[in-house]
>>> print(open('protein_25.cif').read())   # mmCIF, C-alpha atoms and all ligand atoms
data_start
#
loop_
_atom_site.label_atom_id
_atom_site.label_comp_id
_atom_site.auth_asym_id
_atom_site.auth_seq_id
_atom_site.Cartn_x
_atom_site.Cartn_y
_atom_site.Cartn_z
CA MET A 288 93.34 90.74 113.22
CA PRO A 289 93.36 94.55 112.84
CA LEU A 290 96.16 95.75 110.56
CA PHE A 291 99.67 95.81 112.08
CA ASP A 292 98.34 94.61 115.47
CA ASP A 293 100.96 91.85 115.44
CA LEU A 294 103.88 94.24 114.88
CA ASP A 295 106.13 95.68 117.57
CA LEU A 296 106.14 99.32 116.48
CA SER A 297 108.50 100.59 119.18
CA PRO A 298 111.89 101.91 117.95
CA ASN A 299 114.44 99.15 117.36
CA GLN A 300 117.95 99.12 118.85
CA LEU A 301 119.49 100.83 115.82
CA GLU A 302 116.94 103.64 115.90
CA LEU A 303 117.50 104.18 119.63
CA VAL A 304 121.25 104.49 119.04
CA ARG A 305 120.61 106.81 116.07
CA GLN A 306 118.51 109.13 118.23
CA ARG A 307 121.16 109.16 120.97
CA VAL A 308 124.03 109.86 118.56
CA ALA A 309 121.98 112.51 116.70
CA ALA A 310 121.40 114.32 119.99
CA SER A 311 125.06 114.24 121.02
CA THR A 312 127.93 114.11 118.49
CA GLY A 313 125.84 113.70 115.30
CA TYR A 314 126.63 111.41 112.37
CA ILE A 315 127.20 111.42 108.61
CA ASP A 316 124.16 109.91 106.91
CA LEU A 317 125.21 107.66 104.01
CA THR A 318 121.67 106.31 103.45
CA SER A 319 119.73 109.23 101.97
CA SER A 320 117.16 108.61 99.24
CA ASN A 321 115.99 112.22 99.39
CA PRO A 322 117.49 114.28 96.54
CA THR A 323 116.08 117.53 97.96
CA THR A 324 118.40 117.26 100.99
CA GLN A 325 121.43 116.34 98.86
CA GLY A 326 121.67 119.42 96.66
CA LEU A 327 119.70 117.89 93.76
CA LEU A 328 116.91 120.42 93.30
CA PHE A 329 114.82 120.42 90.15
CA PRO A 330 115.07 123.95 88.62
CA PRO A 331 112.49 126.07 90.51
CA ASP A 332 112.00 128.45 87.57
CA ILE A 333 110.68 125.58 85.41
CA LEU A 334 108.27 124.59 88.19
CA ALA A 335 107.09 128.18 88.70
CA ALA A 336 106.42 128.64 84.98
CA ALA A 337 104.56 125.32 84.72
CA THR A 338 101.70 126.12 87.13
CA TYR A 339 98.14 126.81 85.95
CA TRP A 340 96.55 129.40 88.20
CA PRO A 341 95.01 131.77 85.62
CA THR A 342 93.40 128.93 83.59
CA ARG A 343 92.57 126.62 86.51
CA ARG A 344 89.48 124.39 86.05
CA TYR A 345 88.66 120.96 87.48
CA THR A 346 88.39 118.48 84.59
CA PRO A 347 89.15 115.08 86.14
CA ASP A 348 89.92 112.09 83.95
CA PRO A 349 90.02 108.56 85.45
CA ARG A 350 93.27 107.80 83.62
CA GLY A 351 94.84 111.22 84.23
CA HIS A 352 95.01 114.43 82.22
CA PRO A 353 95.53 113.63 78.52
CA ALA A 354 98.43 116.08 78.08
CA ALA A 355 100.24 114.54 81.06
CA ARG A 356 99.66 111.04 79.66
CA ALA A 357 100.93 112.20 76.25
CA ALA A 358 104.17 113.37 77.89
CA ILE A 359 104.56 109.95 79.55
CA VAL A 360 103.85 108.12 76.27
CA HIS A 361 106.56 110.26 74.62
CA PHE A 362 109.04 109.41 77.42
CA TYR A 363 108.73 105.69 76.55
CA THR A 364 109.52 106.40 72.88
CA THR A 365 112.88 107.83 74.02
CA ARG A 366 113.90 104.72 75.96
CA THR A 367 116.31 102.08 74.57
CA PRO A 368 114.67 100.11 73.04
CA PRO A 369 111.61 102.34 72.64
CA LEU A 370 108.30 101.18 74.10
CA LEU A 371 105.32 102.23 72.00
CA LEU A 372 102.19 102.94 74.03
CA ASP A 373 98.83 104.65 73.53
CA LEU A 374 97.40 107.47 75.58
CA ASP A 375 94.87 105.05 77.05
CA ASP A 376 97.63 102.73 78.33
CA ILE A 377 98.65 105.25 81.01
CA PHE A 378 97.03 105.60 84.45
CA ILE A 379 98.25 108.50 86.58
CA THR A 380 98.38 107.99 90.36
CA ALA A 381 99.68 110.01 93.30
CA SER A 382 102.86 107.92 93.62
CA THR A 383 104.48 104.67 92.65
CA SER A 384 103.54 103.31 96.06
CA GLU A 385 99.87 104.06 95.39
CA ALA A 386 100.23 102.44 91.96
CA TYR A 387 101.45 99.25 93.65
CA SER A 388 98.52 99.35 96.03
CA LEU A 389 95.96 99.75 93.22
CA LEU A 390 97.50 96.84 91.32
CA PHE A 391 97.56 94.60 94.39
CA GLY A 392 93.82 95.28 94.78
CA LEU A 393 93.20 94.79 91.05
CA LEU A 394 95.02 91.46 90.77
CA CYS A 395 94.42 89.75 94.11
CA GLU A 396 91.82 88.78 96.62
CA ALA A 397 92.62 88.19 100.29
CA GLY A 398 94.79 85.09 100.68
CA ASP A 399 96.29 85.28 97.17
CA ASN A 400 100.01 85.79 96.84
CA LEU A 401 102.54 87.82 94.88
CA LEU A 402 106.15 86.92 94.18
CA VAL A 403 108.70 89.49 95.34
CA PRO A 404 112.50 89.49 95.25
CA ALA A 405 113.99 88.12 98.48
CA ILE A 406 115.91 91.38 98.77
CA ALA A 407 113.89 94.51 98.14
CA TYR A 408 113.28 97.90 99.55
CA PRO A 409 110.92 97.56 102.53
CA LEU A 410 107.52 98.67 101.26
CA PHE A 411 105.86 95.64 99.74
CA GLU A 412 105.15 93.86 103.02
CA TYR A 413 103.05 96.77 104.32
CA LEU A 414 101.19 97.33 101.06
CA ALA A 415 100.44 93.60 100.86
CA ALA A 416 99.34 93.44 104.52
CA VAL A 417 96.72 96.15 103.88
CA GLN A 418 95.02 93.86 101.37
CA ARG A 419 95.68 90.61 103.28
CA ILE A 420 97.94 89.37 100.49
CA GLU A 421 100.78 86.93 101.09
CA LEU A 422 104.24 87.65 99.71
CA ARG A 423 106.40 84.77 98.57
CA SER A 424 110.01 85.49 97.80
CA TYR A 425 112.22 84.41 94.93
CA ALA A 426 116.01 84.63 95.09
CA LEU A 427 118.32 87.02 93.24
CA ASP A 428 121.71 85.48 92.48
CA PRO A 429 124.70 87.51 93.74
CA GLN A 430 127.04 85.39 91.58
CA ARG A 431 125.22 86.64 88.45
CA GLY A 432 124.92 90.33 89.32
CA TRP A 433 121.74 89.68 91.36
CA GLN A 434 119.76 88.51 88.32
CA LEU A 435 116.54 86.53 88.93
CA ASP A 436 117.13 82.96 90.03
CA PRO A 437 114.84 81.01 87.65
CA LEU A 438 114.54 77.83 89.74
CA SER A 439 113.70 79.69 92.91
CA LEU A 440 111.12 81.80 91.04
CA LEU A 441 109.35 78.76 89.59
CA ALA A 442 109.44 76.99 92.96
CA ALA A 443 107.72 79.95 94.66
CA ILE A 444 104.66 79.86 92.36
CA ASP A 445 101.53 78.13 93.58
CA ALA A 446 97.85 78.08 92.61
CA ARG A 447 97.22 81.42 94.34
CA THR A 448 100.10 83.36 92.79
CA ARG A 449 98.68 86.34 90.88
CA ALA A 450 101.74 88.31 89.72
CA ILE A 451 105.51 88.69 89.86
CA LEU A 452 107.08 91.91 91.12
CA ILE A 453 110.32 93.04 89.53
CA VAL A 454 112.37 96.13 90.32
CA SER A 455 114.77 97.10 87.50
CA PRO A 456 117.09 98.86 88.31
CA HIS A 457 116.70 97.03 91.57
CA ASN A 458 116.81 98.69 94.98
CA PRO A 459 119.30 98.14 96.64
CA THR A 460 121.46 95.81 94.44
CA GLY A 461 121.23 97.92 91.25
CA MET A 462 120.46 94.85 89.09
CA VAL A 463 118.98 95.64 85.66
CA ILE A 464 117.14 93.09 83.56
CA GLN A 465 118.74 93.46 80.15
CA GLN A 466 117.38 90.51 78.23
CA THR A 467 114.22 88.50 77.78
CA GLN A 468 113.87 86.09 80.73
CA PRO A 469 112.64 82.64 79.60
CA VAL A 470 111.52 81.92 83.18
CA LEU A 471 109.00 84.78 83.04
CA VAL A 472 107.56 83.40 79.78
CA GLN A 473 107.39 79.96 81.36
CA ALA A 474 105.60 81.36 84.45
CA GLY A 475 103.15 83.25 82.20
CA LEU A 476 101.99 85.47 85.07
CA PRO A 477 101.28 89.22 85.02
CA ILE A 478 104.32 91.29 85.94
CA ILE A 479 104.53 94.51 87.91
CA CYS A 480 107.83 96.15 86.95
CA ASP A 481 109.11 99.11 88.95
CA GLU A 482 111.46 101.22 86.82
CA VAL A 483 111.79 104.32 89.01
CA PHE A 484 115.60 104.33 88.57
CA ALA A 485 115.43 103.78 84.77
CA THR A 486 117.26 107.02 83.92
CA LEU A 487 120.21 106.08 86.15
CA PRO A 488 122.08 103.31 84.31
CA TYR A 489 125.58 102.76 85.69
CA GLY A 490 127.25 99.45 84.78
CA VAL A 491 125.01 98.98 81.72
CA PRO A 492 124.56 101.41 78.81
CA SER A 493 120.79 101.77 79.27
CA VAL A 494 117.81 100.30 81.10
CA PRO A 495 115.46 98.54 78.65
CA PRO A 496 111.76 98.73 79.55
CA LEU A 497 110.84 95.18 80.62
CA ALA A 498 107.62 95.53 78.60
CA ALA A 499 109.73 95.97 75.45
CA LEU A 500 111.58 92.71 76.22
CA HIS A 501 108.36 90.81 76.96
CA PRO A 502 105.61 92.02 74.60
CA THR A 503 103.49 88.88 75.07
CA LEU A 504 103.15 88.98 78.88
CA PRO A 505 100.78 91.34 80.70
CA ILE A 506 103.15 93.95 82.14
CA PHE A 507 102.35 96.92 84.36
CA THR A 508 105.28 99.35 84.30
CA LEU A 509 105.55 101.71 87.25
CA ASN A 510 107.38 105.01 87.45
CA GLY A 511 106.93 108.52 88.81
CA ILE A 512 108.44 111.96 89.24
CA SER A 513 109.71 111.22 92.72
CA LYS A 514 112.89 109.52 91.46
CA LEU A 515 112.83 110.48 87.76
CA PHE A 516 112.81 114.27 88.34
CA ALA A 517 113.80 114.30 92.03
CA LEU A 518 110.32 115.66 92.90
CA PRO A 519 109.16 113.34 95.72
CA ASP A 520 107.11 116.15 97.29
CA LEU A 521 104.96 116.81 94.21
CA LYS A 522 103.34 113.36 94.20
CA LEU A 523 102.78 111.91 90.74
CA GLY A 524 103.33 108.33 89.64
CA TRP A 525 101.93 106.19 86.88
CA ILE A 526 101.12 102.72 85.63
CA ALA A 527 101.79 101.97 81.94
CA LEU A 528 99.98 98.91 80.55
CA ASN A 529 101.30 97.01 77.54
CA ALA A 530 98.85 95.45 75.06
CA PRO A 531 98.20 92.16 76.96
CA ALA A 532 97.73 94.04 80.26
CA ARG A 533 95.41 96.55 78.61
CA ALA A 534 93.25 93.82 77.08
CA ALA A 535 92.78 92.05 80.41
CA TYR A 536 92.74 94.86 82.98
CA ALA A 537 92.33 98.42 81.63
CA ALA A 538 88.57 98.73 82.23
CA GLN A 539 88.79 97.56 85.85
CA LEU A 540 91.83 99.73 86.52
CA GLU A 541 90.01 102.76 85.14
CA LEU A 542 87.18 102.25 87.63
CA LEU A 543 89.66 101.72 90.46
CA ASN A 544 91.64 104.88 89.66
CA ASP A 545 88.40 106.84 89.25
CA THR A 546 87.42 105.78 92.76
CA TYR A 547 90.32 107.80 94.21
CA LEU A 548 91.46 110.39 91.61
CA SER A 549 94.27 111.07 94.05
CA CYS A 550 96.84 112.80 91.89
CA SER A 551 96.47 116.57 92.09
CA SER A 552 95.38 118.36 88.91
CA LEU A 553 98.09 120.95 89.50
CA ILE A 554 101.00 118.53 89.15
CA GLN A 555 99.29 116.76 86.24
CA HIS A 556 99.02 120.11 84.49
CA MET A 557 102.72 120.79 85.19
CA LEU A 558 103.95 117.42 83.91
CA PRO A 559 104.28 118.21 80.16
CA THR A 560 106.51 121.21 80.97
CA ILE A 561 108.51 119.16 83.48
CA PHE A 562 109.17 116.53 80.79
CA ALA A 563 109.83 119.10 78.04
CA GLN A 564 112.29 121.21 80.05
CA GLY A 565 113.53 118.90 82.81
CA MET A 566 115.72 116.45 80.87
CA PRO A 567 118.96 118.48 81.27
CA PHE A 568 118.42 118.26 85.04
CA VAL A 569 117.81 114.49 84.78
CA GLN A 570 121.12 114.19 82.91
CA HIS A 571 122.89 116.36 85.50
CA MET A 572 121.52 114.14 88.28
CA ALA A 573 122.65 110.98 86.44
CA ALA A 574 126.15 112.41 85.94
CA THR A 575 126.36 113.40 89.63
CA VAL A 576 125.31 109.92 90.77
CA ARG A 577 127.76 108.29 88.33
CA SER A 578 130.63 110.41 89.56
CA ASN A 579 129.70 109.65 93.22
CA LEU A 580 129.49 105.91 92.48
CA ASP A 581 132.87 106.02 90.66
CA TRP A 582 134.52 107.78 93.58
CA ALA A 583 132.94 105.62 96.30
CA ARG A 584 133.73 102.33 94.51
CA ALA A 585 137.34 103.38 93.89
CA TYR A 586 137.80 104.39 97.52
CA LEU A 587 136.08 101.30 98.94
CA ALA A 588 138.29 99.12 96.71
CA THR A 589 141.30 100.38 98.72
CA CYS A 590 139.73 99.20 101.97
CA PRO A 591 141.34 95.85 102.95
CA ALA A 592 138.30 94.79 105.00
CA LEU A 593 136.11 94.82 101.86
CA PRO A 594 137.05 91.99 99.51
CA HIS A 595 134.88 92.87 96.52
CA ILE A 596 132.81 95.88 95.51
CA PRO A 597 130.28 94.77 92.90
CA THR A 598 129.44 97.19 90.09
CA PRO A 599 125.73 98.02 90.18
CA ASP A 600 123.99 97.98 86.79
CA GLY A 601 122.02 101.09 87.75
CA GLY A 602 120.33 103.17 90.44
CA TYR A 603 122.18 105.03 93.19
CA TYR A 604 122.83 102.47 95.89
CA LEU A 605 125.86 100.38 96.75
CA PHE A 606 125.07 97.05 98.38
CA VAL A 607 128.45 96.17 99.81
CA PRO A 608 129.30 92.68 101.08
CA VAL A 609 130.93 92.64 104.55
CA PRO A 610 131.59 88.89 104.80
CA HIS A 611 133.60 89.13 108.02
CA ALA A 612 130.67 90.73 109.89
CA ARG A 613 128.55 87.94 111.28
CA ASP A 614 126.22 90.35 113.03
CA GLU A 615 125.16 93.13 110.64
CA GLU A 616 123.26 95.03 113.29
CA ALA A 617 126.19 95.05 115.75
CA LEU A 618 128.47 96.31 112.95
CA VAL A 619 126.06 99.07 111.90
CA ILE A 620 125.57 100.18 115.52
CA ARG A 621 129.36 100.31 116.04
CA LEU A 622 129.73 102.42 112.87
CA LEU A 623 126.93 104.72 113.98
CA GLU A 624 128.52 105.22 117.38
CA GLN A 625 131.65 106.33 115.50
CA GLY A 626 129.58 108.77 113.43
CA VAL A 627 128.57 107.00 110.15
CA LEU A 628 125.09 105.74 109.33
CA VAL A 629 124.68 102.91 106.79
CA HIS A 630 121.81 100.41 106.51
CA PRO A 631 122.27 96.77 107.49
CA GLY A 632 121.46 94.30 104.70
CA TYR A 633 118.60 92.81 106.70
CA PHE A 634 116.60 96.03 106.24
CA TYR A 635 116.07 94.71 102.71
CA GLY A 636 115.00 91.17 103.55
CA GLU A 637 117.05 88.01 103.47
CA PRO A 638 120.42 88.57 101.77
CA PRO A 639 122.50 85.38 101.48
CA ASP A 640 125.43 86.98 103.40
CA SER A 641 126.21 90.15 105.42
CA TYR A 642 125.85 93.46 103.60
CA ILE A 643 125.70 97.17 104.23
CA MET A 644 123.88 99.64 102.00
CA LEU A 645 125.06 103.14 101.21
CA SER A 646 123.56 105.73 98.92
CA ALA A 647 125.57 107.56 96.25
CA LEU A 648 122.85 110.20 96.22
CA THR A 649 124.66 111.60 99.28
CA ALA A 650 126.10 115.06 98.52
CA ARG A 651 129.78 114.69 97.61
CA PRO A 652 131.47 116.31 100.65
CA GLN A 653 129.49 114.12 103.09
CA LEU A 654 129.93 111.08 100.85
CA GLU A 655 133.72 111.48 100.85
CA GLN A 656 133.90 112.19 104.57
CA GLY A 657 131.53 109.33 105.40
CA VAL A 658 133.16 106.71 103.15
CA ARG A 659 136.66 107.61 104.41
CA ARG A 660 135.49 107.23 107.99
CA LEU A 661 133.66 103.99 107.15
CA CYS A 662 136.81 102.45 105.66
CA ALA A 663 138.95 103.55 108.60
CA LEU A 664 136.48 101.93 111.00
CA LEU A 665 136.04 98.71 109.04
C1 LIG A 701 112.29 101.02 93.90
C2 LIG A 701 111.35 102.06 94.43
N1 LIG A 701 110.10 102.16 93.94
C3 LIG A 701 109.24 103.07 94.39
C4 LIG A 701 109.59 103.96 95.38
C5 LIG A 701 108.58 104.95 95.86
O1 LIG A 701 108.29 105.89 94.89
P1 LIG A 701 107.11 106.97 95.12
O2 LIG A 701 107.73 108.11 95.84
O3 LIG A 701 106.67 107.31 93.74
O4 LIG A 701 106.05 106.29 95.91
C6 LIG A 701 110.86 103.91 95.93
C7 LIG A 701 111.24 104.81 96.99
O5 LIG A 701 112.33 104.81 97.54
C8 LIG A 701 111.77 102.94 95.44
O6 LIG A 701 113.02 102.84 95.93
#
>>> encode(input="protein_25.cif", output="structure tokens")
Amino acid sequence: MPLFDDLDLSPNQLELVRQRVAASTGYIDLTSSNPTTQGLLFPPDILAAATYWPTRRYTPDPRGHPAARAAIVHFYTTRTPPLLLDLDDIFITASTSEAYSLLFGLLCEAGDNLLVPAIAYPLFEYLAAVQRIELRSYALDPQRGWQLDPLSLLAAIDARTRAILIVSPHNPTGMVIQQTQPVLVQAGLPIICDEVFATLPYGVPSVPPLAALHPTLPIFTLNGISKLFALPDLKLGWIALNAPARAAYAAQLELLNDTYLSCSSLIQHMLPTIFAQGMPFVQHMAATVRSNLDWARAYLATCPALPHIPTPDGGYYLFVPVPHARDEEALVIRLLEQGVLVHPGYFYGEPPDSYIMLSALTARPQLEQGVRRLCALL
């Protein structure tokens, strides 16, 4: 069947209401993942000084420009615990999403499957569909801070499972894997670990690179400047291979990345300067998100309709249980009609109960106005 032929691509009920409300009274958007619309703008003077016009030449490298890869290797030495990598362990792509797509192609043939968390941000199903790959879900346990459920993970593996996808900090629950997971060792499968929110710890002191916790498993670590430096428009992501992943896959991945060379040379040239001068901005962004999460959690805790506000380990989302709401969509539509947009939990898959998602990336005045209105309505 041609791709997406089986999908109903017309706007759903929530989107129709959103368009109607946007055209009349408007609404406060509590779902933004776009830092550039929330007052978090990477310093433009650093970007302007980092460009390469006078010395511009095209010197493509299938793994990415060496100076850009060196900056990424250095970034992993600053993590807690540090992850020691070589220049040749890094593959630069145009985005984390493209990195996923390359790895799906590298690891699977049509009909194979990948394990994904039962709740996850909605991207994997489309990337997998492109390559005719099946996704099988494993549960995250809300009673244990949404950590991996080992039994469910083992039960999901079959003879055609090629890798396990992990997002840490997880979108949207904020879960961070902080310790070695015996179940991953037992499964022995390659792991794709998305760490795009790694510099935003909240309930935990730091986000350990999963590859540092699991040096014996083949691990592909994904990240990019979209979340790390709030530069989603400049399009640069990467895949970092640890030693077991490099031994088994680096040569094939080099050919695959060389087939596209999709990341622009301009942003690759800019990357060392962005890393060297951009860390104060990263810290400012982390402090802003922390303060927004503190305020939103404290305010939501005063709302009698919300029994428990879990503390996310990291990231910038709040995944809030609304146990009294049997119909998430009806609740979210009612809230939207009263001028507040949140996401229903089902946008993220199959949560075990009713949830709404809100983003603490939202600029503070809107966040306060929106959360106050949300509580009044609930
Ligand atoms: C967990 C996670 N990974 C990856 C991405 C996409 O990153 P990129 O812009 O690099 O494709 C997102 C975007 O929201 C995300 O939430």
>>> axis_aligned_box(input="protein_25.cif", around="ligand LIG 701 (chain A)", padding_each_side="6 Å", output="AutoDock Vina command-line options")
--center_x 109.5 --center_y 104.6 --center_z 95.6 --size_x 19.0 --size_y 19.1 --size_z 15.8
>>> residues_near_point(input="protein_25.cif", point="(105.9, 114.3, 95.2)", cutoff="12 Å", atoms="all atoms listed in the file", output="VMD selection string")
chain A and resid 321 to 323 329 380 to 385 511 to 524 550 to 551 553 to 555 558
>>> write_last_selection(input="protein_25.cif", atoms="C-alpha atoms", output="compact mmCIF listing (two decimals), in the coordinates of the input")
# COMPACT_ATOMS: atom_id res chain seq x y z
CA ASN A 321 115.99 112.22 99.39
CA PRO A 322 117.49 114.28 96.54
CA THR A 323 116.08 117.53 97.96
CA PHE A 329 114.82 120.42 90.15
CA THR A 380 98.38 107.99 90.36
CA ALA A 381 99.68 110.01 93.30
CA SER A 382 102.86 107.92 93.62
CA THR A 383 104.48 104.67 92.65
CA SER A 384 103.54 103.31 96.06
CA GLU A 385 99.87 104.06 95.39
CA GLY A 511 106.93 108.52 88.81
CA ILE A 512 108.44 111.96 89.24
CA SER A 513 109.71 111.22 92.72
CA LYS A 514 112.89 109.52 91.46
CA LEU A 515 112.83 110.48 87.76
CA PHE A 516 112.81 114.27 88.34
CA ALA A 517 113.80 114.30 92.03
CA LEU A 518 110.32 115.66 92.90
CA PRO A 519 109.16 113.34 95.72
CA ASP A 520 107.11 116.15 97.29
CA LEU A 521 104.96 116.81 94.21
CA LYS A 522 103.34 113.36 94.20
CA LEU A 523 102.78 111.91 90.74
CA GLY A 524 103.33 108.33 89.64
CA CYS A 550 96.84 112.80 91.89
CA SER A 551 96.47 116.57 92.09
CA LEU A 553 98.09 120.95 89.50
CA ILE A 554 101.00 118.53 89.15
CA GLN A 555 99.29 116.76 86.24
CA LEU A 558 103.95 117.42 83.91
>>> residues_near_point(input="protein_25.cif", point="(123.8, 118.2, 99.4)", cutoff="7 Å", atoms="all atoms listed in the file", output="PyMOL selection string")
chain A and resi 324-327+649-650
>>> atom_distance(input="protein_25.cif", atom1="atom CA of Pro567 of chain A", atom2="atom CA of Ser455 of chain A")
22.7 Å
>>> closest_residue(input="protein_25.cif", among="A:Ala358, A:Ala337, A:Leu389, A:Leu301", to="Arg621 of chain A", atoms="only C-alpha atoms")
A:Leu301
>>> residues_around(input="protein_25.cif", residues="Ile444 of chain A", least_positions_apart="5", cutoff="12 Å", atoms="only C-alpha atoms", output="PyMOL selection string")
chain A and resi 399-403+421-425+437-439+449-451+470-471+473-476
>>> atom_distance(input="protein_25.cif", atom1="atom CA of Phe507 of chain A", atom2="atom CA of Ile333 of chain A")
29.9 Å
>>> closest_residue(input="protein_25.cif", among="A:His457, A:Arg660, A:His361, A:His611", to="ligand LIG 701 (chain A)", atoms="only C-alpha atoms and all ligand atoms")
A:His457
>>> closest_residue(input="protein_25.cif", among="A:Pro638, A:Pro353, A:Pro492, A:Gly601", to="ligand LIG 701 (chain A)", atoms="all atoms listed in the file")
A:Gly601
>>> residues_around(input="protein_25.cif", residues="segment 639-645 of chain A", least_positions_apart="3", cutoff="9 Å", atoms="all atoms listed in the file", output="list in words")
Asp316, Leu317, Thr318, Ser319, Pro429, Pro459, Thr460, Tyr603, Tyr604, Leu605, Phe606, Val607, Pro608, Val609, Pro610, His611, Ala612, Arg613, Asp614, Glu615, Val619, Leu628, Val629, His630, Pro631, Gly632, Tyr633, Leu648 and Thr649 of chain A
>>> closest_residue(input="protein_25.cif", among="A:Asn544, A:Asn529, A:Thr575, A:Ser388", to="ligand LIG 701 (chain A)", atoms="all atoms listed in the file")
A:Ser388
>>> closest_residue(input="protein_25.cif", among="A:Ala588, A:Ala647, A:Leu664, A:Leu623", to="Ala309 of chain A", atoms="all atoms listed in the file")
A:Leu623
>>> residues_around(input="protein_25.cif", residues="Leu500 of chain A", least_positions_apart="6", cutoff="9 Å", atoms="all atoms listed in the file", output="PDB file with C-alpha atoms, in the frame of the given file")
ATOM      1  CA  PRO A 368     114.670 100.110  73.040  1.00  0.00           C
ATOM      2  CA  GLN A 465     118.740  93.460  80.150  1.00  0.00           C
ATOM      3  CA  GLN A 466     117.380  90.510  78.230  1.00  0.00           C
ATOM      4  CA  THR A 467     114.220  88.500  77.780  1.00  0.00           C
ATOM      5  CA  GLN A 468     113.870  86.090  80.730  1.00  0.00           C
TER       6      GLN A 468
END
>>> residues_around(input="protein_25.cif", residues="Gly602 of chain A", least_positions_apart="4", cutoff="9 Å", atoms="all atoms listed in the file", output="NGL selection string")
:A and (455-462 or 483-489 or 576 or 647)
>>> atom_distance(input="protein_25.cif", atom1="atom CA of Ala499 of chain A", atom2="atom CA of Leu452 of chain A")
16.4 Å
>>> closest_residue(input="protein_25.cif", among="A:Ile526, A:Leu294, A:Val491, A:Ala416", to="ligand LIG 701 (chain A)", atoms="only C-alpha atoms and all ligand atoms")
A:Ile526
>>> build_atoms(input="protein_25.cif", residues="segment 365-369 of chain A", atoms="all heavy atoms", output="PDB file, keeping the file's coordinate frame")
ATOM      1  N   THR A 365     111.459 107.429  73.961  1.00  0.00           N
ATOM      2  CA  THR A 365     112.880 107.830  74.020  1.00  0.00           C
ATOM      3  C   THR A 365     113.748 106.793  74.725  1.00  0.00           C
ATOM      4  O   THR A 365     114.947 106.965  74.829  1.00  0.00           O
ATOM      5  CB  THR A 365     113.044 109.166  74.782  1.00  0.00           C
ATOM      6  OG1 THR A 365     112.690 108.950  76.165  1.00  0.00           O
ATOM      7  CG2 THR A 365     112.169 110.259  74.204  1.00  0.00           C
ATOM      8  N   ARG A 366     113.123 105.742  75.239  1.00  0.00           N
ATOM      9  CA  ARG A 366     113.900 104.720  75.960  1.00  0.00           C
ATOM     10  C   ARG A 366     114.608 103.797  74.949  1.00  0.00           C
ATOM     11  O   ARG A 366     114.313 103.806  73.759  1.00  0.00           O
ATOM     12  CB  ARG A 366     112.944 103.896  76.850  1.00  0.00           C
ATOM     13  CG  ARG A 366     112.232 104.736  77.917  1.00  0.00           C
ATOM     14  CD  ARG A 366     113.102 105.001  79.115  1.00  0.00           C
ATOM     15  NE  ARG A 366     113.490 103.763  79.751  1.00  0.00           N
ATOM     16  CZ  ARG A 366     112.727 103.078  80.617  1.00  0.00           C
ATOM     17  NH1 ARG A 366     111.540 103.541  80.960  1.00  0.00           N
ATOM     18  NH2 ARG A 366     113.155 101.946  81.145  1.00  0.00           N
ATOM     19  N   THR A 367     115.561 103.016  75.427  1.00  0.00           N
ATOM     20  CA  THR A 367     116.310 102.080  74.570  1.00  0.00           C
ATOM     21  C   THR A 367     116.086 100.656  75.038  1.00  0.00           C
ATOM     22  O   THR A 367     116.552 100.332  76.129  1.00  0.00           O
ATOM     23  CB  THR A 367     117.816 102.404  74.614  1.00  0.00           C
ATOM     24  OG1 THR A 367     117.991 103.799  74.401  1.00  0.00           O
ATOM     25  CG2 THR A 367     118.572 101.605  73.580  1.00  0.00           C
ATOM     26  N   PRO A 368     115.399  99.791  74.273  1.00  0.00           N
ATOM     27  CA  PRO A 368     114.670 100.110  73.040  1.00  0.00           C
ATOM     28  C   PRO A 368     113.396 100.886  73.378  1.00  0.00           C
ATOM     29  O   PRO A 368     112.922 100.839  74.508  1.00  0.00           O
ATOM     30  CB  PRO A 368     114.327  98.716  72.485  1.00  0.00           C
ATOM     31  CG  PRO A 368     114.246  97.835  73.679  1.00  0.00           C
ATOM     32  CD  PRO A 368     115.235  98.367  74.662  1.00  0.00           C
ATOM     33  N   PRO A 369     112.834 101.582  72.377  1.00  0.00           N
ATOM     34  CA  PRO A 369     111.610 102.340  72.640  1.00  0.00           C
ATOM     35  C   PRO A 369     110.438 101.409  72.989  1.00  0.00           C
ATOM     36  O   PRO A 369     110.404 100.261  72.535  1.00  0.00           O
ATOM     37  CB  PRO A 369     111.325 103.073  71.337  1.00  0.00           C
ATOM     38  CG  PRO A 369     112.404 102.722  70.394  1.00  0.00           C
ATOM     39  CD  PRO A 369     113.267 101.654  70.988  1.00  0.00           C
TER      40      PRO A 369
END
